[in-house]
Structure formats: C-alpha cells, structure tokens
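These notes are about the structure you will find just below.
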Amino acid sequence: MTKIAFIGIGNLGFPIALNLIKAGYDVTVYNRTPEKAKPLAEAGAKLASTPQEATQGKDVLITVLADDKALLGICTDAAIESLGAEGLHISMSTISPETSRKLSIQHQQFGVDYVAAPIFGRPEAMAARIGNIAISGPNQAKEDANL
C-alpha cells in the first residue's frame with residue numbers, strides 16, 4: 001500500500017487529502033495550523049507534528065501550499081531525506097520555475113523524485129475529483145504520480 005504524507009490542508013488541499021483517505025490510502029497529514037487537520041484525522045488520517053515526522057517512512061509526499069516561501073519552508077533537507085531513496089514528492093503548489101528547479105536539484109541529492117503538478121480548479125472541483133493538473137518531471141516519476 002502506498003503511504004502518503006500530505007502537507008497543506010487549505011481550501012484545495014483538504015478535499016484532495018480527504019479523497020485519498022476515502023480511496024483507502026495510508027495518509028499522514030501535517031499542517032502548521034493543526035486544527036485544520038483534525039477533521040482528516042477523524043476520517044482516518046494520522047496526524048504529524050512536523051514535516052519530517054509526516055514524511056518519515058512514506059512513499060509519496062504531496063504538498064499543496066500557498067507559495068514558494070511556504071513550500072521551501074517545508075522542504076527541508078531532513079524532510080526530503082526522510083522520504084528515502086525512491087520517494088516521490090508531488091508539489092501541487094503554484095510556484096516559480098526557479099523554485100521548482102531548486103527543489104528538483106535538492107531532491108536528487110536524496111534520491112527522491114520531484115514532480116511539479118500545480119492545480120487548476122476550485123475546492124468544489126477538487127472534492128468532486130474533476131480539477132485539472134499540469135504535471136512536469138521525469139517520465140517515470142510522472143507515471144508514479146498517477147495515484
């Protein structure tokens with residue numbers, strides 16, 4: 001079973017994480033405002049108190065964060081390294097190409113694949129599983145991102 005760390009429980013992240021839980025995935029969530037993650041715990045997710053705790057022993061990290069600064073703050077070397085070799089990070093945030101390149105290089109150092117997959121859709125669309133996502137990254141990683 002794929003083990004997923006999900007970070008960023010905002011308007012778009014919440015319905016995506018909930019859909020993953022409903023689909024039967026093993027999901028651990030982290031949000032800097034822990035109260036936002038409690039309904040996901042009630043739905044079956046595990047709660048983490050740090051990004052590194054969320055990613056420890058997981059196969060996939062999915063982030064849905066507000067901007068470059070927030071994403072870079074989460075993607076510490078420790079958090080990415082704890083995914084382990086052959087881990088996959090799917091960044092669903094809308095960020096700059098420079099930040100995406102920087103993250104790709106950082107992830108390579110730890111054997112973790114990085115896929116940029118910004119979301120185009122509203123929260124209602126995400127809940128209904130009908131949003132659009134543009135995926136960029138290595139071919140195998142893009143295939144692996146098709147959860």
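Identifiers in this document derive from the order of the structure tokens: chains are assigned A, B, ..., residues are numbered from 1 separately in each chain, and ligands are numbered from 1 in order of occurrence.
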Worksheet item: So which residues touch range 51-62 of chain A within 9 Å, counting only C-alpha atoms, skipping near sequence neighbours fewer than 3 positions away, as a ChimeraX atom specification?
Response: /A:2-8,17,27-31,46-48,74-76,78-84,86-92,145
Item to complete: Using DSSP on the backbone, list every residue of chain A that comes out as helix (DSSP H, G or I), and give them as a ChimeraX atom specification.
Response: /A:13-22,34-42,51-55,68-74,77-83,97-109,123-127,139-144
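Backbone DSSP over chain A gives strand (DSSP E) for Lys3, Ile4, Ala5, Phe6, Ile7, Asp26, Val27, Thr28, Val29, Tyr30, Lys46, Leu47, Val60, Leu61, Ile62, Thr63, Leu88, His89, Ile90, Ser91, Asp113, Tyr114, Val115, Ala116, Ile119, Phe120, Asn132 and Ile133 of chain A.
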Worksheet item: Can you tell me, as a ChimeraX atom specification, what residues are no more than 10 Å from range 67-70 of chain A when counting only C-alpha atoms, ignoring any on the same chain fewer than 6 positions away?
Response: /A:8,93-100
Item to complete: Write out as JSON, numbers by chain the residues lying within 7 Å of range 119-125 of chain A, counting only C-alpha atoms and excluding same-chain residues fewer than 5 positions away.
Response: {"A": [11, 12, 15, 92, 93, 130, 131, 132, 133, 134]}
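CA of Thr50 in chain A sits 13.8 Å away from CA of Leu71 in chain A.
The closest residue to Thr63 in chain A, picked from A:Val115, A:Glu143, A:Leu40, A:Phe110 and counting only C-alpha atoms, is A:Val115.
Coordinates place CA of Leu20 in chain A at a distance of 24.2 Å from CA of Leu103 in chain A.
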